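J.: Have a peek at work_17.cif (mmCIF, C-alpha atoms).
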data_structure
#
loop_
_atom_site.label_atom_id
_atom_site.label_comp_id
_atom_site.auth_asym_id
_atom_site.auth_seq_id
_atom_site.Cartn_x
_atom_site.Cartn_y
_atom_site.Cartn_z
CA MET A 4 10.21 52.80 16.99
CA ARG A 5 8.31 52.26 20.18
CA THR A 6 5.09 53.41 18.60
CA LEU A 7 5.64 50.96 15.80
CA LEU A 8 6.13 48.10 18.28
CA ARG A 9 3.06 49.17 20.17
CA PHE A 10 1.15 49.33 16.95
CA ILE A 11 2.24 45.80 16.04
CA GLN A 12 1.35 44.58 19.50
CA LYS A 13 -2.03 46.20 19.40
CA TYR A 14 -2.96 44.95 15.99
CA SER A 15 -1.01 41.70 16.01
CA ASP A 16 -4.12 39.61 15.40
CA LEU A 17 -5.25 41.81 12.58
CA LEU A 18 -1.79 41.67 11.05
CA LEU A 19 -1.71 37.91 11.36
CA PHE A 20 -5.11 37.75 9.74
CA LEU A 21 -3.96 39.94 6.87
CA LEU A 22 -0.79 37.92 6.48
CA LEU A 23 -2.68 34.65 6.29
CA GLU A 24 -5.18 36.09 3.85
CA ILE A 25 -2.39 37.42 1.69
CA ILE A 26 -0.77 33.99 1.66
CA ALA A 27 -4.09 32.44 0.68
CA VAL A 28 -4.72 34.94 -2.08
CA ILE A 29 -1.17 34.48 -3.36
CA LEU A 30 -1.85 30.77 -3.42
CA ILE A 31 -4.96 31.37 -5.49
CA VAL A 32 -3.64 33.96 -7.89
CA GLN A 33 0.06 33.41 -8.22
CA SER A 34 0.29 29.68 -8.41
CA SER A 35 1.45 29.11 -11.95
CA HIS A 36 0.35 26.24 -14.04
CA TYR A 37 3.56 24.42 -13.24
CA GLN A 38 3.29 24.89 -9.50
CA ARG A 39 -0.32 23.95 -9.62
CA SER A 40 0.32 20.74 -11.47
CA LYS A 41 3.20 19.96 -9.12
CA LEU A 42 1.01 20.56 -6.14
CA ILE A 43 -1.88 18.62 -7.57
CA ASN A 44 0.49 15.77 -8.18
CA PHE A 45 1.54 15.92 -4.56
CA ASN A 46 -2.09 16.06 -3.57
CA ARG A 47 -2.80 12.97 -5.58
CA GLN A 48 -0.19 11.05 -3.70
CA LEU A 49 -1.46 12.28 -0.36
CA THR A 50 -5.15 12.15 -0.96
CA GLY A 51 -4.98 9.30 -3.44
CA TYR A 52 -4.05 7.06 -0.58
CA VAL A 53 -7.11 8.08 1.38
CA TYR A 54 -9.38 7.80 -1.62
CA SER A 55 -7.98 4.43 -2.63
CA LYS A 56 -8.81 3.12 0.83
CA VAL A 57 -12.36 4.36 0.50
CA ASP A 58 -12.58 2.91 -2.98
CA GLY A 59 -11.32 -0.37 -1.63
CA ALA A 60 -14.10 -0.36 0.91
CA ARG A 61 -16.64 0.51 -1.75
CA GLU A 62 -15.29 -2.28 -3.94
CA TYR A 63 -15.50 -4.64 -1.05
CA LEU A 64 -19.10 -3.71 -0.42
CA SER A 65 -20.01 -4.39 -4.04
CA LEU A 66 -18.22 -7.74 -4.09
CA LYS A 67 -21.40 -9.66 -3.71
CA GLU A 68 -22.94 -7.99 -6.71
CA VAL A 69 -19.82 -8.49 -8.81
CA ASN A 70 -19.68 -12.10 -7.75
CA GLN A 71 -23.24 -12.59 -8.86
CA GLN A 72 -22.48 -11.00 -12.23
CA LEU A 73 -19.49 -13.23 -12.72
CA ALA A 74 -21.44 -16.30 -11.76
CA ASN A 75 -24.14 -15.41 -14.29
CA GLU A 76 -21.57 -14.77 -16.98
CA ASN A 77 -19.89 -18.04 -16.17
CA LEU A 78 -23.15 -19.87 -16.43
CA GLU A 79 -23.88 -18.30 -19.77
CA LEU A 80 -20.45 -19.18 -21.13
CA ARG A 81 -20.75 -22.70 -19.81
CA ASN A 82 -24.04 -23.13 -21.63
CA LYS A 83 -22.55 -21.81 -24.85
CA LEU A 84 -19.52 -24.04 -24.44
CA ASP A 85 -21.72 -27.05 -23.97
CA LEU A 86 -23.60 -26.17 -27.15
CA ILE A 87 -20.47 -26.11 -29.28
CA SER A 88 -18.20 -28.59 -27.52
CA ASN A 89 -19.58 -31.60 -29.37
CA GLU A 90 -18.97 -29.93 -32.69
CA LEU A 91 -15.52 -28.79 -31.57
CA ASP A 92 -14.43 -32.30 -30.70
CA THR A 93 -14.94 -33.54 -34.20
CA ALA A 94 -14.41 -30.39 -36.19
CA LEU A 95 -11.57 -30.21 -38.60
CA VAL A 96 -10.44 -26.64 -38.69
CA PHE A 97 -9.70 -26.11 -42.32
CA SER A 98 -7.93 -23.02 -43.48
CA GLU A 99 -8.34 -21.44 -46.86
CA LEU A 100 -5.09 -19.59 -46.38
CA ARG A 101 -2.88 -22.61 -46.72
CA GLY A 102 -0.50 -20.84 -49.02
CA GLU A 103 0.14 -18.00 -46.59
CA GLN A 104 -0.11 -19.84 -43.35
CA ARG A 105 2.89 -21.75 -42.19
CA TYR A 106 1.53 -23.53 -39.14
CA PHE A 107 -1.89 -25.02 -38.73
CA PHE A 108 -3.28 -26.36 -35.49
CA VAL A 109 -5.52 -29.38 -35.25
CA PRO A 110 -7.33 -29.45 -31.90
CA SER A 111 -7.47 -32.90 -30.50
CA ARG A 112 -8.05 -34.97 -27.38
CA VAL A 113 -5.90 -37.47 -25.59
CA VAL A 114 -7.76 -40.76 -25.51
CA LYS A 115 -5.03 -42.93 -24.05
CA ASN A 116 -2.05 -41.90 -22.04
CA SER A 117 0.71 -43.56 -20.10
CA VAL A 118 2.92 -41.66 -17.75
CA TYR A 119 4.78 -43.98 -15.44
CA ASP A 120 6.47 -46.28 -17.98
CA GLN A 121 9.94 -45.73 -19.35
CA TYR A 122 8.64 -45.65 -22.90
CA ASN A 123 5.45 -43.72 -22.59
CA TYR A 124 3.07 -43.20 -25.50
CA MET A 125 -0.23 -41.46 -25.90
CA THR A 126 -3.03 -41.73 -28.40
CA LEU A 127 -5.00 -38.86 -29.90
CA ASN A 128 -8.46 -38.94 -31.42
CA LYS A 129 -7.38 -37.30 -34.70
CA GLY A 130 -5.76 -39.11 -37.61
CA LYS A 131 -5.06 -38.88 -41.29
CA LYS A 132 -8.63 -37.85 -42.01
CA ASP A 133 -8.01 -34.72 -39.99
CA GLY A 134 -4.62 -34.08 -41.49
CA VAL A 135 -2.49 -35.56 -38.73
CA PHE A 136 0.59 -37.35 -40.04
CA ARG A 137 3.84 -38.63 -38.58
CA ASP A 138 6.47 -36.16 -37.39
CA MET A 139 4.02 -33.45 -36.49
CA GLY A 140 4.44 -31.61 -33.23
CA VAL A 141 1.97 -31.79 -30.39
CA ILE A 142 1.52 -29.03 -27.82
CA SER A 143 -0.85 -28.29 -24.97
CA ASP A 144 -1.96 -24.90 -23.70
CA ARG A 145 0.92 -25.05 -21.25
CA GLY A 146 3.68 -26.08 -23.57
CA LEU A 147 5.42 -28.82 -25.48
CA VAL A 148 3.94 -32.35 -25.39
CA GLY A 149 5.57 -34.53 -28.00
CA ILE A 150 5.78 -35.67 -31.63
CA VAL A 151 3.34 -37.74 -33.67
CA LEU A 152 4.85 -41.17 -34.21
CA GLU A 153 2.30 -42.76 -36.48
CA SER A 154 -1.24 -42.06 -37.56
CA SER A 155 -4.14 -44.15 -38.77
CA ALA A 156 -7.36 -42.88 -40.32
CA ASN A 157 -8.86 -41.66 -37.06
CA PHE A 158 -6.11 -41.91 -34.48
CA ALA A 159 -2.53 -40.91 -33.96
CA THR A 160 0.09 -42.16 -31.55
CA VAL A 161 2.39 -39.63 -29.98
CA ILE A 162 5.81 -40.05 -28.50
CA PRO A 163 5.84 -37.51 -25.66
CA ILE A 164 8.83 -35.88 -24.01
CA ILE A 165 8.61 -38.45 -21.27
CA ASN A 166 9.79 -41.29 -23.49
CA ARG A 167 13.37 -42.44 -23.54
CA ASN A 168 13.39 -42.32 -27.33
CA PHE A 169 12.37 -38.67 -27.46
CA ARG A 170 14.90 -36.21 -28.85
CA LEU A 171 14.36 -32.59 -29.72
CA SER A 172 16.43 -29.47 -30.13
CA ALA A 173 15.61 -26.89 -27.46
CA LYS A 174 17.22 -23.65 -26.41
CA ILE A 175 17.66 -21.47 -23.36
CA LYS A 176 15.54 -18.38 -23.79
CA SER A 177 17.96 -15.93 -22.19
CA ASN A 178 20.96 -16.67 -24.45
CA ASN A 179 19.59 -18.72 -27.37
CA TYR A 180 22.03 -21.58 -26.89
CA ALA A 181 20.45 -24.77 -28.16
CA GLY A 182 20.89 -28.28 -26.82
CA ILE A 183 19.24 -31.65 -26.99
CA LEU A 184 16.13 -32.20 -24.92
CA GLN A 185 15.58 -35.78 -23.81
CA TRP A 186 14.14 -37.75 -20.97
CA GLU A 187 15.92 -40.15 -18.68
CA GLY A 188 13.03 -40.94 -16.36
CA PRO A 189 11.58 -41.64 -14.03
CA SER A 190 9.57 -38.53 -13.11
CA PRO A 191 7.04 -37.28 -15.69
CA ARG A 192 7.64 -33.75 -14.41
CA SER A 193 11.20 -33.16 -15.55
CA ALA A 194 13.48 -33.80 -18.51
CA VAL A 195 17.14 -33.20 -19.33
CA LEU A 196 18.71 -30.65 -21.63
CA SER A 197 22.23 -31.69 -22.63
CA GLU A 198 25.02 -30.45 -24.93
CA ILE A 199 25.05 -26.93 -23.60
CA PRO A 200 28.78 -26.03 -23.49
CA PHE A 201 30.35 -25.15 -20.14
CA HIS A 202 31.09 -21.50 -20.95
CA VAL A 203 27.42 -20.58 -21.35
CA SER A 204 25.99 -18.73 -18.40
CA PHE A 205 22.41 -19.19 -17.28
CA ALA A 206 20.57 -19.53 -14.02
CA GLU A 207 17.97 -21.65 -12.33
CA GLY A 208 14.53 -20.54 -13.37
CA ASP A 209 15.48 -19.65 -16.96
CA THR A 210 12.91 -20.70 -19.52
CA ILE A 211 13.57 -23.42 -22.08
CA LEU A 212 11.91 -23.02 -25.49
CA THR A 213 11.89 -25.06 -28.68
CA SER A 214 14.67 -23.88 -30.95
CA GLY A 215 12.80 -24.15 -34.25
CA PHE A 216 15.81 -25.92 -35.77
CA SER A 217 13.75 -28.94 -36.62
CA SER A 218 10.86 -28.59 -38.99
CA ILE A 219 8.52 -30.07 -36.43
CA PHE A 220 7.94 -27.20 -34.03
CA PRO A 221 7.85 -23.49 -34.57
CA GLU A 222 10.41 -21.56 -32.60
CA GLY A 223 9.57 -20.47 -29.07
CA ILE A 224 7.13 -23.10 -27.84
CA LYS A 225 7.50 -23.26 -24.07
CA VAL A 226 9.09 -26.39 -22.69
CA GLY A 227 9.92 -25.72 -19.07
CA VAL A 228 12.22 -23.95 -16.64
CA ILE A 229 15.70 -24.87 -15.46
CA GLU A 230 15.42 -26.65 -12.15
CA SER A 231 19.08 -27.48 -11.55
CA PHE A 232 22.28 -28.14 -13.52
CA SER A 233 25.64 -29.88 -13.18
CA LEU A 234 28.91 -30.17 -15.12
CA GLU A 235 29.68 -33.82 -14.45
CA ARG A 236 30.31 -34.89 -18.01
CA GLY A 237 33.21 -32.59 -18.64
CA ASN A 238 32.58 -29.89 -21.18
CA PHE A 239 28.81 -29.99 -21.31
CA TYR A 240 26.13 -29.18 -18.82
CA ASP A 241 23.43 -31.58 -17.76
CA ILE A 242 20.44 -29.35 -17.15
CA LYS A 243 17.40 -30.65 -15.35
CA VAL A 244 14.30 -29.02 -16.83
CA SER A 245 11.03 -28.84 -14.95
CA LEU A 246 8.38 -29.33 -17.63
CA PHE A 247 5.39 -27.01 -18.04
CA THR A 248 3.08 -29.69 -19.39
CA GLU A 249 1.47 -31.87 -16.78
CA PHE A 250 1.27 -35.23 -18.45
CA GLN A 251 -0.83 -36.81 -15.74
CA SER A 252 -3.72 -34.48 -16.39
CA LEU A 253 -3.31 -33.90 -20.11
CA TYR A 254 -6.55 -33.78 -22.06
CA HIS A 255 -6.75 -31.13 -24.78
CA VAL A 256 -3.80 -30.88 -27.13
CA ASN A 257 -3.09 -29.28 -30.50
CA VAL A 258 -1.28 -30.97 -33.34
CA ILE A 259 0.93 -28.61 -35.31
CA ARG A 260 1.02 -29.02 -39.02
CA ASN A 261 3.86 -27.27 -40.79
CA TYR A 262 2.95 -26.59 -44.40
CA ARG A 263 6.56 -26.01 -45.34
CA GLN A 264 7.92 -29.06 -43.60
CA GLU A 265 8.17 -31.08 -46.78
CA GLU A 266 9.85 -28.28 -48.66
CA GLN A 267 12.36 -27.75 -45.88
CA LEU A 268 13.17 -31.46 -45.57
CA ASN A 269 13.60 -31.86 -49.31
CA LEU A 270 16.01 -28.97 -49.39
CA GLU A 271 17.97 -30.22 -46.41
CA ASN A 272 18.21 -33.72 -47.88
CA LEU A 273 19.83 -32.45 -51.07
CA TYR A 274 23.21 -32.34 -49.37
CA PRO A 275 23.36 -35.07 -46.80
CA MET B 270 -4.63 19.01 27.61
CA TYR B 271 -7.86 17.13 27.23
CA ILE B 272 -9.32 20.02 25.28
CA ILE B 273 -6.35 20.05 22.88
CA THR B 274 -6.55 16.36 22.05
CA ARG B 275 -10.26 16.65 21.72
CA ASN B 276 -9.93 19.47 19.25
CA ILE B 277 -7.28 17.67 17.22
CA PHE B 278 -9.54 14.65 17.06
CA ARG B 279 -12.44 16.83 16.02
CA PHE B 280 -10.28 18.41 13.31
CA ALA B 281 -9.57 15.00 11.82
CA VAL B 282 -13.18 13.86 12.05
CA VAL B 283 -14.50 17.04 10.48
CA VAL B 284 -12.00 16.95 7.60
CA LEU B 285 -12.61 13.30 6.83
CA PHE B 286 -16.36 13.70 7.04
CA GLN B 287 -16.24 16.68 4.72
CA VAL B 288 -13.94 15.09 2.20
CA LEU B 289 -15.27 11.57 2.17
CA VAL B 290 -18.97 12.11 2.70
CA MET B 291 -20.09 15.67 2.19
CA ASP B 292 -18.10 16.36 -0.97
CA ASN B 293 -20.05 13.54 -2.57
CA VAL B 294 -23.33 15.13 -1.58
CA MET B 295 -24.17 17.53 -4.37
CA ILE B 296 -27.56 19.06 -4.34
CA ASN B 297 -28.70 20.53 -7.64
CA GLY B 298 -25.25 20.05 -9.03
CA TYR B 299 -23.52 22.84 -7.21
CA MET B 300 -24.57 22.98 -3.59
CA ILE B 301 -22.23 21.22 -1.21
CA PRO B 302 -22.81 21.46 2.52
CA TYR B 303 -19.52 22.63 4.06
CA VAL B 304 -19.71 21.19 7.53
CA TYR B 305 -16.00 21.46 8.24
CA LEU B 306 -16.67 24.93 9.65
CA LEU B 307 -17.93 23.11 12.71
CA PHE B 308 -14.37 22.93 13.87
CA ILE B 309 -14.05 26.71 13.81
CA LEU B 310 -17.42 27.18 15.41
CA LEU B 311 -16.80 24.79 18.28
CA MET B 312 -13.37 26.01 19.38
CA PRO B 313 -13.37 26.97 23.07
CA PHE B 314 -14.02 30.59 24.02
CA GLU B 315 -10.63 31.12 25.55
CA THR B 316 -8.75 30.14 22.40
CA PRO B 317 -6.39 33.04 21.59
CA ARG B 318 -7.15 34.87 18.39
CA TRP B 319 -3.89 34.06 16.70
CA LEU B 320 -4.51 30.38 17.34
CA GLN B 321 -7.99 30.64 15.89
CA LEU B 322 -6.54 32.24 12.77
CA LEU B 323 -3.84 29.61 12.43
CA ALA B 324 -6.37 26.85 12.99
CA GLY B 325 -8.55 28.34 10.28
CA PHE B 326 -5.56 28.51 7.97
CA GLY B 327 -4.63 24.89 8.63
CA LEU B 328 -8.18 23.68 8.24
CA GLY B 329 -8.74 25.56 4.99
CA LEU B 330 -5.44 24.40 3.58
CA THR B 331 -6.23 20.79 4.42
CA ILE B 332 -9.60 21.01 2.70
CA ASP B 333 -7.91 22.73 -0.25
CA LEU B 334 -5.45 19.90 -0.57
CA PHE B 335 -8.26 17.42 -0.84
CA SER B 336 -10.38 19.40 -3.24
CA HIS B 337 -7.63 20.77 -5.51
CA THR B 338 -8.74 24.34 -4.97
CA LEU B 339 -5.53 25.94 -3.90
CA GLY B 340 -6.06 28.79 -1.43
CA MET B 341 -9.81 29.28 -1.75
CA HIS B 342 -10.93 27.42 1.33
CA THR B 343 -7.90 28.76 3.12
CA ALA B 344 -8.85 32.38 2.50
CA ALA B 345 -12.49 31.80 3.35
CA THR B 346 -11.79 29.85 6.51
CA VAL B 347 -9.25 32.35 7.82
CA LEU B 348 -11.85 35.03 7.28
CA ALA B 349 -14.45 32.96 9.12
CA ALA B 350 -12.05 32.40 12.00
CA PHE B 351 -11.32 36.11 12.13
CA ALA B 352 -15.02 36.95 12.11
CA ARG B 353 -15.76 34.43 14.78
CA SER B 354 -14.17 36.31 17.66
CA TYR B 355 -16.05 39.50 16.75
CA MET B 356 -19.25 37.55 16.39
CA LEU B 357 -18.74 36.02 19.81
CA ASP B 358 -18.17 39.48 21.26
CA LEU B 359 -21.39 40.66 19.67
CA LEU B 360 -23.37 37.70 20.95
CA ALA B 361 -21.84 37.68 24.42
CA PRO B 362 -24.18 37.67 27.43
CA ARG B 363 -24.08 40.76 29.60
CA ASP B 364 -21.69 39.26 32.13
CA GLY B 365 -19.46 37.48 29.58
CA TYR B 366 -19.05 33.80 28.85
CA ASP B 367 -18.95 31.30 31.64
CA PRO B 368 -15.42 29.80 31.66
CA ASP B 369 -16.86 26.25 31.80
CA SER B 370 -19.11 26.73 28.79
CA PHE B 371 -18.56 26.07 25.11
CA PRO B 372 -20.19 27.68 22.06
CA ARG B 373 -22.90 25.08 21.65
CA ILE B 374 -26.64 24.68 21.70
CA HIS B 375 -26.30 22.77 24.91
CA TYR B 376 -25.14 25.92 26.74
CA PHE B 377 -26.68 28.84 24.88
CA GLY B 378 -29.78 27.50 23.20
CA PHE B 379 -30.98 27.01 19.67
CA TYR B 380 -31.44 30.65 18.57
CA TRP B 381 -28.09 31.77 19.84
CA PHE B 382 -26.35 28.96 18.04
CA LEU B 383 -28.38 29.45 14.86
CA LYS B 384 -27.50 33.14 14.68
CA TYR B 385 -23.88 32.42 15.39
CA THR B 386 -23.70 29.66 12.77
CA LEU B 387 -25.61 31.53 10.09
CA VAL B 388 -23.40 34.59 10.25
CA ILE B 389 -20.10 32.73 10.26
CA VAL B 390 -21.20 30.34 7.54
CA PHE B 391 -22.53 33.19 5.43
CA ILE B 392 -19.25 35.10 5.67
CA HIS B 393 -17.31 31.97 4.81
CA HIS B 394 -19.49 31.08 1.84
CA LEU B 395 -19.53 34.63 0.56
CA ALA B 396 -15.75 34.66 0.43
CA LEU B 397 -15.50 31.14 -0.91
CA PHE B 398 -18.02 31.44 -3.73
CA TYR B 399 -16.83 34.81 -4.97
CA LEU B 400 -13.24 33.65 -4.90
CA GLU B 401 -14.36 30.63 -6.83
CA VAL B 402 -15.92 32.60 -9.67
CA PHE B 403 -13.37 35.38 -9.22
CA GLN B 404 -15.43 37.90 -11.09
CA LEU B 405 -18.43 40.06 -10.43
CA LYS B 406 -20.16 39.26 -13.69
CA GLU B 407 -22.44 36.68 -12.24
CA PHE B 408 -22.91 38.64 -9.06
CA LEU B 409 -26.58 37.84 -8.45
CA SER B 410 -26.53 34.18 -9.36
CA THR B 411 -23.47 33.72 -7.16
CA LEU B 412 -25.24 35.52 -4.34
CA LEU B 413 -28.17 33.17 -4.72
CA ARG B 414 -25.82 30.23 -4.49
CA VAL B 415 -24.21 31.75 -1.41
CA ILE B 416 -27.53 32.14 0.33
CA LEU B 417 -28.84 28.70 -0.56
CA SER B 418 -25.59 27.03 0.36
CA THR B 419 -25.47 28.95 3.62
CA LEU B 420 -28.89 27.65 4.53
CA LEU B 421 -27.87 24.13 3.61
CA SER B 422 -24.55 24.19 5.45
CA ALA B 423 -25.95 25.94 8.51
CA SER B 424 -28.86 23.54 8.85
CA THR B 425 -26.50 20.59 8.52
CA ILE B 426 -24.23 22.06 11.17
CA VAL B 427 -27.11 22.79 13.53
CA LEU B 428 -28.52 19.33 13.01
CA SER B 429 -25.14 17.81 13.78
CA GLN B 430 -25.39 19.41 17.21
CA TYR B 431 -28.31 17.18 17.98
CA PHE B 432 -26.80 13.97 16.67
CA VAL B 433 -23.03 13.98 16.76
CA PHE B 434 -21.45 16.74 18.84
CA ARG B 435 -24.05 16.81 21.55
CA LYS B 436 -21.86 17.76 24.46
#
Could you write out this file's structure as structure tokens?

T.:
Amino acid sequence: MRTLLRFIQKYSDLLLFLLLEIIAVILIVQSSHYQRSKLINFNRQLTGYVYSKVDGAREYLSLKEVNQQLANENLELRNKLDLISNELDTALVFSELRGEQRYFFVPSRVVKNSVYDQYNYMTLNKGKKDGVFRDMGVISDRGLVGIVLESSANFATVIPIINRNFRLSAKIKSNNYAGILQWEGPSPRSAVLSEIPFHVSFAEGDTILTSGFSSIFPEGIKVGVIESFSLERGNFYDIKVSLFTEFQSLYHVNVIRNYRQEEQLNLENLYP
Amino acid sequence: MYIITRNIFRFAVVVLFQVLVMDNVMINGYMIPYVYLLFILLMPFETPRWLQLLAGFGLGLTIDLFSHTLGMHTAATVLAAFARSYMLDLLAPRDGYDPDSFPRIHYFGFYWFLKYTLVIVFIHHLALFYLEVFQLKEFLSTLLRVILSTLLSASTIVLSQYFVFRK
């Protein structure tokens, strides 16, 4: 026993060396595929942090170059845009697939707009020549704008959401309950959704979409988000909706033409 | 105490330098200068052997974690740490090492340090490269890689003595 202890004492360093080497060799040889992948995964978390920092620095150093590239690309796109913008303004996008296609968008520009009246109207630079007729929907890239009231050969007047005569069916995205969207002034940034019954649950920040119940708009065009709501009128909520479309700065809009609108209206009018 | 913190700091610097800089330096596609051995080389003379071994183990394992080569650097570095104490005995001056000195060019001169570095690095690379291929089929080509890499690593380490770890 004593000789063994003395032996261990004498060769303790050698034994430690052998032990460590054995551990290392076991690590090399024995680590199964599973353990290896586990360990590599752990490594990734550990070392990934370090490497991501370095990568961040590298990215930061190349920012100038990237910026330059983007600026060049921007310039190029701007030039191309300028080349085609004149044509775009007047182009009538005509589709051969009229039979298949249900909705057709006519790009158009707002040429006159009022925002701060109680009965606001706007005028578009597309009319009957371009296929814009009354009761067509108008949207912007942000969301709902309004409905075409009347059109002449080259122009159309639109009754936007921010007009006291505006009425449209709209729904809450989270639960599909539909109500009537209208405007009671005076701010061009918000409208009112009414006739949502009191038992429906929703929250501030929920999105309001078009319901698609009318033949004017397809379903799911964005209208706005719920800003606040109250139950003052008894069984129905009054929901204040913050509108997505900014009417003060509205410029490019699309008129929606529904190829099946006529068919749908004719059918619905059979049984008044 | 000062020596301990200094060595811990050096450990971190050496690992980061190896992983972030040197592992991106690939000469001829397969020669990487392994400068992290500097930590083993520069440990004070009076470091106990078991501590040298454990330090080698820790260093190798850390490098392994970063390079996804489980155990290879560990085995090679433990071997290098083990060889170091014998190498120092072999290279010792007649009256032993001065307690205030460190294993550096600054104290023992260029040739002493070059010999010391070359041997330790060669042992380390020999173990590392053969463990990496894990067969004797390509014995000669691996040996060539060992020798070339040893020259590369050793010259980098010696150069570092003039620029970074001067004292």

J.: Identify which of the residues B:Tyr431, B:Phe286, B:Phe379, B:Phe326 lies closest to Ile25 of chain A, counting only C-alpha atoms when measuring atom-to-atom distances.

T.: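 Counting only C-alpha atoms, the residue closest to Ile25 of chain A is B:Phe326.
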
J.: For segment 355-370 of chain B, please output as a list of chain:residue names all residues within 10 Å (counting only C-alpha atoms; exclusion window: fewer than 5 positions along the same chain).

T.: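 The filter keeps B:Leu310, B:Pro313, B:Phe314, B:Glu315, B:Ala349, B:Ala350, B:His375, B:Tyr376, B:Phe377, B:Trp381, B:Phe382, B:Lys384, B:Tyr385, B:Thr386, B:Val388, B:Ile389.
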
J.: As a list in words, could you give me every residue of chain B near chain A (at most 9 Å apart, counting all atoms listed in the file)?

T.: Leu289, Arg318, Trp319, Leu322, Leu323, Phe326, Leu330, Leu334, Phe335, Ser336, His337, Thr338, Leu339, Gly340, Met341, His342, Thr343, Ala344, Ala345, Val347, Leu348, Phe351 and Leu400 of chain B

J.: Compile the contact shell of Gly134 of chain A as a PyMOL selection string: residues with an atom at most 9 Å away, counting all atoms listed in the file, same-chain residues fewer than 2 positions apart removed.

T.: chain A and resi 95+109+129-132+136+260

J.: Got a sec: who's within 12 Å of Val226 of chain A, counting only C-alpha atoms, leaving out chain neighbours fewer than 5 positions off, as an MDAnalysis selection string?

T.: chainID A and resid 141:149 163:164 171:176 184:185 192:196 209:214 220 243:249

J.: For this structure, which residues satisfy the selection - the PyMOL selection byres ((chain A and resi 253) around 9) - when it is evaluated on the file as given? I want them as a VMD selection string.

T.: chain A and resid 112 to 113 116 143 248 to 252 254 to 256

J.: Report, in Å with one decimal, the straight-line distance from atom CA of Leu306 of chain B to atom CA of Tyr399 of chain B.

T.: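 Atom CA of Leu306 of chain B sits 17.6 Å away from atom CA of Tyr399 of chain B.
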
J.: For a test of reading the model, state the distance in Å between atom CA of Ala352 of chain B and atom CA of Leu328 of chain B, rounded to one decimal.

T.: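 Separation between atom CA of Ala352 of chain B and atom CA of Leu328 of chain B: 15.4 Å.
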
J.: Mind pulling up the distance from atom CA of Glu153 of chain A to atom CA of Ser117 of chain A?

T.: 16.5 Å

J.: Written as a PyMOL selection string, what is the full residue list that the PyMOL selection byres ((chain A and resi 204) around 12) yields on the file shown?

T.: chain A and resi 175-180+199-203+205-207+209+232+239-240

J.: Using C-alpha atoms, can you export the residues from the last selection as a PDB file, in the coordinates of the input?

T.:
ATOM      1  CA  ILE A 175      17.660 -21.470 -23.360  1.00  0.00           C
ATOM      2  CA  LYS A 176      15.540 -18.380 -23.790  1.00  0.00           C
ATOM      3  CA  SER A 177      17.960 -15.930 -22.190  1.00  0.00           C
ATOM      4  CA  ASN A 178      20.960 -16.670 -24.450  1.00  0.00           C
ATOM      5  CA  ASN A 179      19.590 -18.720 -27.370  1.00  0.00           C
ATOM      6  CA  TYR A 180      22.030 -21.580 -26.890  1.00  0.00           C
ATOM      7  CA  ILE A 199      25.050 -26.930 -23.600  1.00  0.00           C
ATOM      8  CA  PRO A 200      28.780 -26.030 -23.490  1.00  0.00           C
ATOM      9  CA  PHE A 201      30.350 -25.150 -20.140  1.00  0.00           C
ATOM     10  CA  HIS A 202      31.090 -21.500 -20.950  1.00  0.00           C
ATOM     11  CA  VAL A 203      27.420 -20.580 -21.350  1.00  0.00           C
ATOM     12  CA  PHE A 205      22.410 -19.190 -17.280  1.00  0.00           C
ATOM     13  CA  ALA A 206      20.570 -19.530 -14.020  1.00  0.00           C
ATOM     14  CA  GLU A 207      17.970 -21.650 -12.330  1.00  0.00           C
ATOM     15  CA  ASP A 209      15.480 -19.650 -16.960  1.00  0.00           C
ATOM     16  CA  PHE A 232      22.280 -28.140 -13.520  1.00  0.00           C
ATOM     17  CA  PHE A 239      28.810 -29.990 -21.310  1.00  0.00           C
ATOM     18  CA  TYR A 240      26.130 -29.180 -18.820  1.00  0.00           C
TER      19      TYR A 240
END

J.: Step by step, work through what the PyMOL selection byres ((chain A and resi 259) around 7) selects in the shown file, and finish by giving those residues as a list in words.

T.: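 That expression, the PyMOL selection byres ((chain A and resi 259) around 7), corresponds here to Tyr106, Phe107, Phe108, Val109, Met139, Gly140, Val141, Asn257, Val258, Arg260 and Asn261 of chain A.
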
J.: Taking all atoms of segment 366-379 of chain B that the file lists and extending 6 Å past them on each side, where is the centre of the axis-aligned box and how long are its edges? Answer in Å to one decimal, as JSON.

T.:
{"center_x": -23.2, "center_y": 28.3, "center_z": 25.7, "size_x": 27.6, "size_y": 23.0, "size_z": 24.1}

J.: Fewer than 3 positions away in the same chain doesn't count, so skip those; otherwise give me all residues within 8 Å of Pro302 of chain B, counting all atoms listed in the file, as an mmCIF file with C-alpha atoms, in the frame of the given file.

T.:
data_model
loop_
_atom_site.group_PDB
_atom_site.id
_atom_site.type_symbol
_atom_site.label_atom_id
_atom_site.label_comp_id
_atom_site.auth_asym_id
_atom_site.auth_seq_id
_atom_site.Cartn_x
_atom_site.Cartn_y
_atom_site.Cartn_z
ATOM 1 C CA MET B 291 -20.090 15.670 2.190
ATOM 2 C CA ASP B 292 -18.100 16.360 -0.970
ATOM 3 C CA VAL B 294 -23.330 15.130 -1.580
ATOM 4 C CA SER B 418 -25.590 27.030 0.360
ATOM 5 C CA LEU B 421 -27.870 24.130 3.610
ATOM 6 C CA SER B 422 -24.550 24.190 5.450
ATOM 7 C CA THR B 425 -26.500 20.590 8.520
#
